[in-house]
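One file, coords19.tsv, carrying TSV, N, CA and C atoms:
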chain	number	residue	atom	x	y	z
A	1	MET	N	-53.54	-27.94	230.46
A	1	MET	CA	-52.38	-27.68	231.27
A	1	MET	C	-52.19	-28.85	232.24
A	2	GLY	N	-51.88	-28.59	233.50
A	2	GLY	CA	-51.75	-29.65	234.47
A	2	GLY	C	-50.41	-30.36	234.43
A	3	HIS	N	-49.54	-30.04	233.51
A	3	HIS	CA	-48.23	-30.68	233.43
A	3	HIS	C	-47.23	-29.90	234.26
A	4	LYS	N	-46.33	-30.64	234.91
A	4	LYS	CA	-45.27	-29.99	235.69
A	4	LYS	C	-44.05	-29.85	234.81
A	5	LEU	N	-43.40	-28.72	234.92
A	5	LEU	CA	-42.20	-28.46	234.14
A	5	LEU	C	-40.98	-28.87	234.95
A	6	ASP	N	-40.09	-29.61	234.33
A	6	ASP	CA	-38.82	-29.96	234.97
A	6	ASP	C	-37.78	-28.94	234.54
A	7	LEU	N	-37.48	-28.01	235.40
A	7	LEU	CA	-36.54	-26.94	235.09
A	7	LEU	C	-35.17	-27.19	235.74
A	8	SER	N	-34.98	-28.39	236.24
A	8	SER	CA	-33.75	-28.68	236.99
A	8	SER	C	-32.49	-28.61	236.12
A	9	GLY	N	-32.62	-28.84	234.85
A	9	GLY	CA	-31.45	-28.81	233.97
A	9	GLY	C	-31.12	-27.42	233.44
A	10	LEU	N	-31.86	-26.42	233.88
A	10	LEU	CA	-31.67	-25.07	233.37
A	10	LEU	C	-31.00	-24.18	234.42
A	11	THR	N	-30.35	-23.16	233.94
A	11	THR	CA	-29.79	-22.17	234.86
A	11	THR	C	-30.95	-21.36	235.43
A	12	ASP	N	-30.69	-20.59	236.47
A	12	ASP	CA	-31.73	-19.77	237.08
A	12	ASP	C	-32.30	-18.76	236.08
A	13	VAL	N	-31.45	-18.18	235.27
A	13	VAL	CA	-31.90	-17.20	234.26
A	13	VAL	C	-32.80	-17.88	233.24
A	14	GLU	N	-32.40	-19.05	232.77
A	14	GLU	CA	-33.21	-19.79	231.79
A	14	GLU	C	-34.55	-20.21	232.39
A	15	ALA	N	-34.50	-20.69	233.64
A	15	ALA	CA	-35.74	-21.11	234.32
A	15	ALA	C	-36.68	-19.93	234.49
A	16	ASP	N	-36.15	-18.77	234.88
A	16	ASP	CA	-36.98	-17.56	235.01
A	16	ASP	C	-37.62	-17.19	233.68
A	17	HIS	N	-36.84	-17.31	232.62
A	17	HIS	CA	-37.36	-16.97	231.29
A	17	HIS	C	-38.49	-17.93	230.89
A	18	VAL	N	-38.31	-19.21	231.15
A	18	VAL	CA	-39.36	-20.20	230.84
A	18	VAL	C	-40.61	-19.89	231.64
A	19	ILE	N	-40.46	-19.58	232.91
A	19	ILE	CA	-41.61	-19.26	233.75
A	19	ILE	C	-42.33	-18.03	233.24
A	20	GLN	N	-41.59	-17.01	232.82
A	20	GLN	CA	-42.20	-15.79	232.27
A	20	GLN	C	-42.98	-16.10	231.00
A	21	VAL	N	-42.42	-16.96	230.15
A	21	VAL	CA	-43.11	-17.33	228.90
A	21	VAL	C	-44.41	-18.08	229.22
A	22	VAL	N	-44.35	-19.00	230.16
A	22	VAL	CA	-45.54	-19.77	230.52
A	22	VAL	C	-46.60	-18.85	231.13
A	23	GLN	N	-46.19	-17.93	231.99
A	23	GLN	CA	-47.13	-16.98	232.59
A	23	GLN	C	-47.77	-16.10	231.52
A	24	ARG	N	-46.96	-15.65	230.58
A	24	ARG	CA	-47.48	-14.82	229.49
A	24	ARG	C	-48.48	-15.61	228.65
A	25	ASP	N	-48.17	-16.88	228.40
A	25	ASP	CA	-49.09	-17.74	227.65
A	25	ASP	C	-50.41	-17.87	228.38
A	26	MET	N	-50.36	-18.07	229.69
A	26	MET	CA	-51.59	-18.20	230.48
A	26	MET	C	-52.40	-16.91	230.43
A	27	GLU	N	-51.74	-15.77	230.50
A	27	GLU	CA	-52.42	-14.48	230.41
A	27	GLU	C	-53.10	-14.31	229.05
A	28	LEU	N	-52.38	-14.68	228.00
A	28	LEU	CA	-52.94	-14.56	226.64
A	28	LEU	C	-54.14	-15.48	226.46
A	29	ARG	N	-54.05	-16.69	226.98
A	29	ARG	CA	-55.17	-17.62	226.89
A	29	ARG	C	-56.39	-17.08	227.63
A	30	LYS	N	-56.17	-16.51	228.80
A	30	LYS	CA	-57.27	-15.95	229.57
A	30	LYS	C	-57.89	-14.77	228.84
A	31	THR	N	-57.05	-13.91	228.28
A	31	THR	CA	-57.55	-12.75	227.51
A	31	THR	C	-58.36	-13.21	226.30
A	32	GLU	N	-57.85	-14.22	225.61
A	32	GLU	CA	-58.55	-14.74	224.43
A	32	GLU	C	-59.89	-15.37	224.82
A	33	GLU	N	-59.90	-16.09	225.93
A	33	GLU	CA	-61.14	-16.70	226.40
A	33	GLU	C	-62.18	-15.62	226.75
A	34	MET	N	-61.72	-14.54	227.39
A	34	MET	CA	-62.63	-13.45	227.72
A	34	MET	C	-63.16	-12.78	226.45
A	35	ARG	N	-62.28	-12.59	225.46
A	35	ARG	CA	-62.68	-11.98	224.19
A	35	ARG	C	-63.73	-12.84	223.50
A	36	LEU	N	-63.51	-14.15	223.46
A	36	LEU	CA	-64.46	-15.05	222.81
A	36	LEU	C	-65.80	-15.08	223.57
A	37	ASN	N	-65.75	-15.04	224.89
A	37	ASN	CA	-66.99	-15.02	225.67
A	37	ASN	C	-67.78	-13.74	225.40
A	38	GLU	N	-67.09	-12.60	225.30
A	38	GLU	CA	-67.76	-11.34	224.98
A	38	GLU	C	-68.38	-11.40	223.58
A	39	MET	N	-67.65	-11.99	222.63
A	39	MET	CA	-68.17	-12.09	221.27
A	39	MET	C	-69.40	-12.99	221.24
A	40	LYS	N	-69.36	-14.10	221.96
A	40	LYS	CA	-70.51	-14.99	222.02
A	40	LYS	C	-71.71	-14.28	222.64
A	41	LYS	N	-71.47	-13.52	223.69
A	41	LYS	CA	-72.55	-12.78	224.35
A	41	LYS	C	-73.16	-11.76	223.38
A	42	ALA	N	-72.30	-11.04	222.64
A	42	ALA	CA	-72.78	-10.06	221.67
A	42	ALA	C	-73.60	-10.73	220.58
A	43	LEU	N	-73.18	-11.91	220.15
A	43	LEU	CA	-73.92	-12.63	219.11
A	43	LEU	C	-75.29	-13.09	219.61
A	44	VAL	N	-75.37	-13.50	220.86
A	44	VAL	CA	-76.66	-13.89	221.44
A	44	VAL	C	-77.58	-12.67	221.50
A	45	GLU	N	-77.03	-11.52	221.92
A	45	GLU	CA	-77.83	-10.30	221.98
A	45	GLU	C	-78.29	-9.88	220.59
A	46	GLU	N	-77.41	-10.00	219.60
A	46	GLU	CA	-77.77	-9.66	218.21
A	46	GLU	C	-78.88	-10.57	217.72
A	47	GLY	N	-78.78	-11.85	218.05
A	47	GLY	CA	-79.82	-12.79	217.64
A	47	GLY	C	-81.16	-12.45	218.26
A	48	SER	N	-81.15	-12.07	219.53
A	48	SER	CA	-82.40	-11.69	220.21
A	48	SER	C	-83.01	-10.45	219.57
A	49	ARG	N	-82.16	-9.48	219.27
A	49	ARG	CA	-82.63	-8.25	218.64
A	49	ARG	C	-83.23	-8.55	217.26
A	50	SER	N	-82.57	-9.42	216.52
A	50	SER	CA	-83.06	-9.78	215.19
A	50	SER	C	-84.42	-10.47	215.26
A	51	VAL	N	-84.58	-11.35	216.22
A	51	VAL	CA	-85.86	-12.03	216.38
A	51	VAL	C	-86.97	-11.03	216.70
A	52	LEU	N	-86.68	-10.09	217.60
A	52	LEU	CA	-87.68	-9.06	217.93
A	52	LEU	C	-88.05	-8.22	216.71
A	53	LEU	N	-87.04	-7.80	215.96
A	53	LEU	CA	-87.32	-6.97	214.78
A	53	LEU	C	-88.08	-7.75	213.72
A	54	SER	N	-87.74	-9.02	213.55
A	54	SER	CA	-88.40	-9.80	212.51
A	54	SER	C	-89.87	-10.03	212.82
A	55	ARG	N	-90.26	-9.92	214.07
A	55	ARG	CA	-91.67	-10.09	214.45
A	55	ARG	C	-92.51	-8.87	214.10
A	56	GLN	N	-91.86	-7.74	213.86
A	56	GLN	CA	-92.59	-6.55	213.42
A	56	GLN	C	-93.10	-6.82	212.01
A	57	HIS	N	-94.30	-6.43	211.75
A	57	HIS	CA	-94.94	-6.72	210.46
A	57	HIS	C	-94.07	-6.26	209.28
A	58	ARG	N	-93.56	-7.20	208.54
A	58	ARG	CA	-92.79	-6.99	207.30
A	58	ARG	C	-91.56	-6.09	207.49
A	59	PHE	N	-91.03	-5.99	208.71
A	59	PHE	CA	-89.86	-5.14	208.94
A	59	PHE	C	-88.70	-5.55	208.04
A	60	ASN	N	-88.40	-6.84	208.01
A	60	ASN	CA	-87.24	-7.29	207.26
A	60	ASN	C	-87.44	-7.27	205.75
A	61	GLU	N	-88.65	-7.05	205.31
A	61	GLU	CA	-88.88	-6.85	203.87
A	61	GLU	C	-88.48	-5.44	203.46
A	62	ARG	N	-88.56	-4.50	204.41
A	62	ARG	CA	-88.28	-3.10	204.11
A	62	ARG	C	-86.91	-2.63	204.59
A	63	CYS	N	-86.37	-3.28	205.67
A	63	CYS	CA	-85.14	-2.79	206.30
A	63	CYS	C	-84.18	-3.93	206.62
A	64	CYS	N	-82.91	-3.58	206.68
A	64	CYS	CA	-81.86	-4.53	207.04
A	64	CYS	C	-82.04	-4.96	208.49
A	65	ILE	N	-81.97	-6.25	208.75
A	65	ILE	CA	-82.16	-6.77	210.10
A	65	ILE	C	-80.99	-6.42	211.01
A	66	ARG	N	-79.83	-6.12	210.44
A	66	ARG	CA	-78.63	-5.81	211.24
A	66	ARG	C	-78.50	-4.33	211.57
A	67	CYS	N	-78.65	-3.45	210.59
A	67	CYS	CA	-78.42	-2.01	210.84
A	67	CYS	C	-79.70	-1.18	210.73
A	68	CYS	N	-80.80	-1.80	210.32
A	68	CYS	CA	-82.11	-1.16	210.20
A	68	CYS	C	-82.20	-0.11	209.09
A	69	SER	N	-81.23	-0.07	208.18
A	69	SER	CA	-81.33	0.88	207.08
A	69	SER	C	-82.33	0.36	206.05
A	70	PRO	N	-83.09	1.28	205.45
A	70	PRO	CA	-84.11	0.85	204.48
A	70	PRO	C	-83.47	0.36	203.18
A	71	PHE	N	-84.10	-0.62	202.57
A	71	PHE	CA	-83.65	-1.13	201.28
A	71	PHE	C	-84.14	-0.22	200.16
A	72	THR	N	-83.30	-0.01	199.16
A	72	THR	CA	-83.70	0.70	197.95
A	72	THR	C	-83.28	-0.16	196.77
A	73	PHE	N	-83.98	-0.03	195.69
A	73	PHE	CA	-83.78	-0.91	194.55
A	73	PHE	C	-82.35	-0.89	194.02
A	74	LEU	N	-81.78	0.27	193.78
A	74	LEU	CA	-80.45	0.34	193.20
A	74	LEU	C	-79.33	0.62	194.21
A	75	LEU	N	-79.58	1.51	195.16
A	75	LEU	CA	-78.52	1.94	196.05
A	75	LEU	C	-78.24	0.99	197.21
A	76	ASN	N	-79.26	0.36	197.72
A	76	ASN	CA	-79.09	-0.51	198.88
A	76	ASN	C	-80.00	-1.72	198.76
A	77	PRO	N	-79.71	-2.62	197.82
A	77	PRO	CA	-80.59	-3.78	197.61
A	77	PRO	C	-80.48	-4.77	198.77
A	78	LYS	N	-81.55	-5.54	198.99
A	78	LYS	CA	-81.51	-6.54	200.05
A	78	LYS	C	-80.90	-7.83	199.53
A	79	ARG	N	-80.22	-8.49	200.45
A	79	ARG	CA	-79.58	-9.78	200.14
A	79	ARG	C	-79.94	-10.74	201.26
A	80	SER	N	-80.21	-11.96	200.92
A	80	SER	CA	-80.59	-12.95	201.93
A	80	SER	C	-79.36	-13.69	202.44
A	81	CYS	N	-79.20	-13.75	203.76
A	81	CYS	CA	-78.08	-14.45	204.38
A	81	CYS	C	-78.29	-15.96	204.26
A	82	LEU	N	-77.23	-16.67	203.91
A	82	LEU	CA	-77.32	-18.13	203.76
A	82	LEU	C	-77.64	-18.84	205.08
A	83	ASP	N	-77.11	-18.33	206.19
A	83	ASP	CA	-77.27	-19.03	207.46
A	83	ASP	C	-78.56	-18.68	208.19
A	84	CYS	N	-78.83	-17.40	208.39
A	84	CYS	CA	-80.00	-17.00	209.19
A	84	CYS	C	-81.22	-16.71	208.31
A	85	CYS	N	-81.02	-16.52	207.02
A	85	CYS	CA	-82.09	-16.26	206.04
A	85	CYS	C	-82.76	-14.89	206.21
A	86	TYR	N	-82.19	-14.01	207.03
A	86	TYR	CA	-82.71	-12.65	207.13
A	86	TYR	C	-82.20	-11.84	205.94
A	87	ASN	N	-82.95	-10.80	205.59
A	87	ASN	CA	-82.51	-9.88	204.55
A	87	ASN	C	-81.57	-8.85	205.17
A	88	VAL	N	-80.45	-8.61	204.50
A	88	VAL	CA	-79.46	-7.66	204.98
A	88	VAL	C	-79.03	-6.75	203.83
A	89	CYS	N	-78.49	-5.59	204.19
A	89	CYS	CA	-78.03	-4.65	203.17
A	89	CYS	C	-76.60	-5.00	202.75
A	90	LYS	N	-76.12	-4.32	201.72
A	90	LYS	CA	-74.79	-4.62	201.21
A	90	LYS	C	-73.69	-4.27	202.21
A	91	GLY	N	-73.95	-3.35	203.12
A	91	GLY	CA	-72.96	-2.97	204.13
A	91	GLY	C	-72.86	-3.96	205.28
A	92	CYS	N	-73.84	-4.81	205.43
A	92	CYS	CA	-73.87	-5.75	206.56
A	92	CYS	C	-73.63	-7.20	206.13
A	93	CYS	N	-73.11	-7.40	204.93
A	93	CYS	CA	-72.85	-8.77	204.48
A	93	CYS	C	-71.65	-8.81	203.54
A	94	THR	N	-71.15	-9.99	203.36
A	94	THR	CA	-70.08	-10.23	202.38
A	94	THR	C	-70.42	-11.51	201.62
A	95	TYR	N	-69.85	-11.59	200.44
A	95	TYR	CA	-70.10	-12.76	199.60
A	95	TYR	C	-69.13	-13.87	199.96
A	96	SER	N	-69.64	-15.05	200.19
A	96	SER	CA	-68.81	-16.22	200.48
A	96	SER	C	-68.62	-17.00	199.19
A	97	LYS	N	-67.40	-16.97	198.68
A	97	LYS	CA	-67.11	-17.70	197.44
A	97	LYS	C	-67.26	-19.20	197.66
A	98	LYS	N	-66.86	-19.66	198.84
A	98	LYS	CA	-66.95	-21.09	199.16
A	98	LYS	C	-68.39	-21.58	199.12
A	99	ASP	N	-69.29	-20.80	199.73
A	99	ASP	CA	-70.70	-21.20	199.80
A	99	ASP	C	-71.54	-20.63	198.67
A	100	LYS	N	-70.94	-19.73	197.88
A	100	LYS	CA	-71.62	-19.10	196.74
A	100	LYS	C	-72.91	-18.39	197.17
A	101	GLY	N	-72.76	-17.54	198.17
A	101	GLY	CA	-73.91	-16.78	198.65
A	101	GLY	C	-73.47	-15.75	199.67
A	102	TRP	N	-74.44	-14.99	200.18
A	102	TRP	CA	-74.17	-13.89	201.10
A	102	TRP	C	-74.26	-14.36	202.54
A	103	LEU	N	-73.38	-13.81	203.38
A	103	LEU	CA	-73.40	-14.05	204.82
A	103	LEU	C	-73.46	-12.71	205.54
A	104	CYS	N	-74.38	-12.57	206.47
A	104	CYS	CA	-74.45	-11.33	207.24
A	104	CYS	C	-73.30	-11.28	208.23
A	105	SER	N	-73.05	-10.10	208.77
A	105	SER	CA	-71.93	-9.91	209.69
A	105	SER	C	-72.05	-10.79	210.93
A	106	ALA	N	-73.25	-10.96	211.46
A	106	ALA	CA	-73.44	-11.78	212.65
A	106	ALA	C	-73.15	-13.26	212.36
A	107	CYS	N	-73.58	-13.74	211.23
A	107	CYS	CA	-73.34	-15.15	210.89
A	107	CYS	C	-71.86	-15.39	210.58
A	108	GLN	N	-71.19	-14.40	210.00
A	108	GLN	CA	-69.74	-14.53	209.79
A	108	GLN	C	-69.03	-14.68	211.12
A	109	LYS	N	-69.39	-13.85	212.10
A	109	LYS	CA	-68.78	-13.93	213.42
A	109	LYS	C	-69.09	-15.26	214.08
A	110	THR	N	-70.33	-15.71	213.94
A	110	THR	CA	-70.71	-16.99	214.53
A	110	THR	C	-69.87	-18.12	213.94
A	111	ARG	N	-69.67	-18.08	212.64
A	111	ARG	CA	-68.84	-19.10	212.00
A	111	ARG	C	-67.40	-19.06	212.49
A	112	SER	N	-66.90	-17.87	212.78
A	112	SER	CA	-65.51	-17.76	213.23
A	112	SER	C	-65.35	-18.17	214.70
A	113	VAL	N	-66.42	-18.05	215.49
A	113	VAL	CA	-66.34	-18.36	216.92
A	113	VAL	C	-66.69	-19.81	217.19
A	114	LEU	N	-67.75	-20.29	216.58
A	114	LEU	CA	-68.24	-21.63	216.86
A	114	LEU	C	-67.72	-22.61	215.82
A	115	PRO	N	-67.22	-23.77	216.27
A	115	PRO	CA	-66.76	-24.78	215.29
A	115	PRO	C	-67.95	-25.36	214.54
A	116	ARG	N	-67.72	-25.70	213.28
A	116	ARG	CA	-68.79	-26.27	212.45
A	116	ARG	C	-68.72	-27.76	212.45
So, in terms of C-alpha cells, how does the structure I just supplied come out?
Amino acid sequence: MGHKLDLSGLTDVEADHVIQVVQRDMELRKTEEMRLNEMKKALVEEGSRSVLLSRQHRFNERCCIRCCSPFTFLLNPKRSCLDCCYNVCKGCCTYSKKDKGWLCSACQKTRSVLPR
C-alpha cells in the first residue's frame, strides 16, 4: 500500500465509492491474513502432535498419525505421505497426480499456505 489516491477528478459520490472499495479491500486483506496465520498455527500444532505420537513405540505402524484410527489390511490400509513420510489412512490423504503419490491432509494445507 502506501500510495495516495488522487480523487480530485471524481465527484463526491464516485470518491466515496472508491474509498468504500479500498476500505473493503483492506478489511478483506486483514481477514485473509488472520485466516492464514490461524492455519499456520494449526499446522505447527499438528506437526508437534505428530512428532509426539511418532515417538510412541511403533504407533505410526499401527495407527494413522493424523486421526489415530487403526490400520487394517483391506478396509483402512496405510499410505505413506510424500512430504512428511508418516503413515496415514485413506481418509486423511489424497493422491497427487502431479507428484504420483499420497499427501496427508496436513501436508496438503502446508503446500497451499507456504510457497514452494
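Atom pair atom C of A:Cys89 / atom CA of A:Glu61: separated by 12.5 Å.
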* Taking the backbone alone, and naming residues the way the document does, which bits of stretch 6-110 of chain A are alpha helix (DSSP H) by DSSP, as a VMD selection string? -> chain A and resid 12 to 54 59 to 62 105 to 110
* To do: Determine which residues of chain A DSSP labels as strand (DSSP E or B) from the backbone of this structure, then write them out as a ChimeraX atom specification.
  => /A:63,70,72,76,79-81,87-88,93-96,101-104
Centre and edges of the stretch 59-77 of chain A box, axis-aligned, 4 Å extra per side, as lines of an AutoDock Vina configuration file:
center_x = -84.6
center_y = -2.7
center_z = 202.4
size_x = 20.8
size_y = 17.2
size_z = 26.4
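The coordinates place atom CA of A:Ala106 at 9.2 Å from atom CA of A:Ala42.
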Find the spatial neighbours of stretch 43-57 of chain A, counting only N, CA and C atoms, within a cut-off of 8 Å - ignore same-chain residues fewer than 4 positions away - and output them as a tab-separated table (two decimals) with N, CA and C atoms, keeping the file's coordinate frame.
chain	number	residue	atom	x	y	z
A	37	ASN	N	-65.75	-15.04	224.89
A	37	ASN	CA	-66.99	-15.02	225.67
A	37	ASN	C	-67.78	-13.74	225.40
A	38	GLU	N	-67.09	-12.60	225.30
A	38	GLU	CA	-67.76	-11.34	224.98
A	38	GLU	C	-68.38	-11.40	223.58
A	39	MET	N	-67.65	-11.99	222.63
A	39	MET	CA	-68.17	-12.09	221.27
A	39	MET	C	-69.40	-12.99	221.24
A	61	GLU	N	-88.65	-7.05	205.31
A	61	GLU	CA	-88.88	-6.85	203.87
A	61	GLU	C	-88.48	-5.44	203.46
A	62	ARG	N	-88.56	-4.50	204.41
A	62	ARG	CA	-88.28	-3.10	204.11
A	62	ARG	C	-86.91	-2.63	204.59
A	65	ILE	N	-81.97	-6.25	208.75
A	65	ILE	CA	-82.16	-6.77	210.10
A	65	ILE	C	-80.99	-6.42	211.01
A	66	ARG	N	-79.83	-6.12	210.44
A	66	ARG	CA	-78.63	-5.81	211.24
A	66	ARG	C	-78.50	-4.33	211.57
A	106	ALA	N	-73.25	-10.96	211.46
A	106	ALA	CA	-73.44	-11.78	212.65
A	106	ALA	C	-73.15	-13.26	212.36
A	107	CYS	N	-73.58	-13.74	211.23
A	107	CYS	CA	-73.34	-15.15	210.89
A	107	CYS	C	-71.86	-15.39	210.58
A	109	LYS	N	-69.39	-13.85	212.10
A	109	LYS	CA	-68.78	-13.93	213.42
A	109	LYS	C	-69.09	-15.26	214.08
A	110	THR	N	-70.33	-15.71	213.94
A	110	THR	CA	-70.71	-16.99	214.53
A	110	THR	C	-69.87	-18.12	213.94
* To do: Would you mind listing what lies within 8 Å of A:Val88 as an MDAnalysis selection string, with only C-alpha atoms counted and same-chain residues fewer than 4 positions away left out?
  => chainID A and resid 63:66 78:81 92:93 104
Using the selection just defined, write its residues with N, CA and C atoms as an mmCIF file, keeping the file's coordinate frame.
data_model
loop_
_atom_site.group_PDB
_atom_site.id
_atom_site.type_symbol
_atom_site.label_atom_id
_atom_site.label_comp_id
_atom_site.auth_asym_id
_atom_site.auth_seq_id
_atom_site.Cartn_x
_atom_site.Cartn_y
_atom_site.Cartn_z
ATOM 1 N N CYS A 63 -86.370 -3.280 205.670
ATOM 2 C CA CYS A 63 -85.140 -2.790 206.300
ATOM 3 C C CYS A 63 -84.180 -3.930 206.620
ATOM 4 N N CYS A 64 -82.910 -3.580 206.680
ATOM 5 C CA CYS A 64 -81.860 -4.530 207.040
ATOM 6 C C CYS A 64 -82.040 -4.960 208.490
ATOM 7 N N ILE A 65 -81.970 -6.250 208.750
ATOM 8 C CA ILE A 65 -82.160 -6.770 210.100
ATOM 9 C C ILE A 65 -80.990 -6.420 211.010
ATOM 10 N N ARG A 66 -79.830 -6.120 210.440
ATOM 11 C CA ARG A 66 -78.630 -5.810 211.240
ATOM 12 C C ARG A 66 -78.500 -4.330 211.570
ATOM 13 N N LYS A 78 -81.550 -5.540 198.990
ATOM 14 C CA LYS A 78 -81.510 -6.540 200.050
ATOM 15 C C LYS A 78 -80.900 -7.830 199.530
ATOM 16 N N ARG A 79 -80.220 -8.490 200.450
ATOM 17 C CA ARG A 79 -79.580 -9.780 200.140
ATOM 18 C C ARG A 79 -79.940 -10.740 201.260
ATOM 19 N N SER A 80 -80.210 -11.960 200.920
ATOM 20 C CA SER A 80 -80.590 -12.950 201.930
ATOM 21 C C SER A 80 -79.360 -13.690 202.440
ATOM 22 N N CYS A 81 -79.200 -13.750 203.760
ATOM 23 C CA CYS A 81 -78.080 -14.450 204.380
ATOM 24 C C CYS A 81 -78.290 -15.960 204.260
ATOM 25 N N CYS A 92 -73.840 -4.810 205.430
ATOM 26 C CA CYS A 92 -73.870 -5.750 206.560
ATOM 27 C C CYS A 92 -73.630 -7.200 206.130
ATOM 28 N N CYS A 93 -73.110 -7.400 204.930
ATOM 29 C CA CYS A 93 -72.850 -8.770 204.480
ATOM 30 C C CYS A 93 -71.650 -8.810 203.540
ATOM 31 N N CYS A 104 -74.380 -12.570 206.470
ATOM 32 C CA CYS A 104 -74.450 -11.330 207.240
ATOM 33 C C CYS A 104 -73.300 -11.280 208.230
#
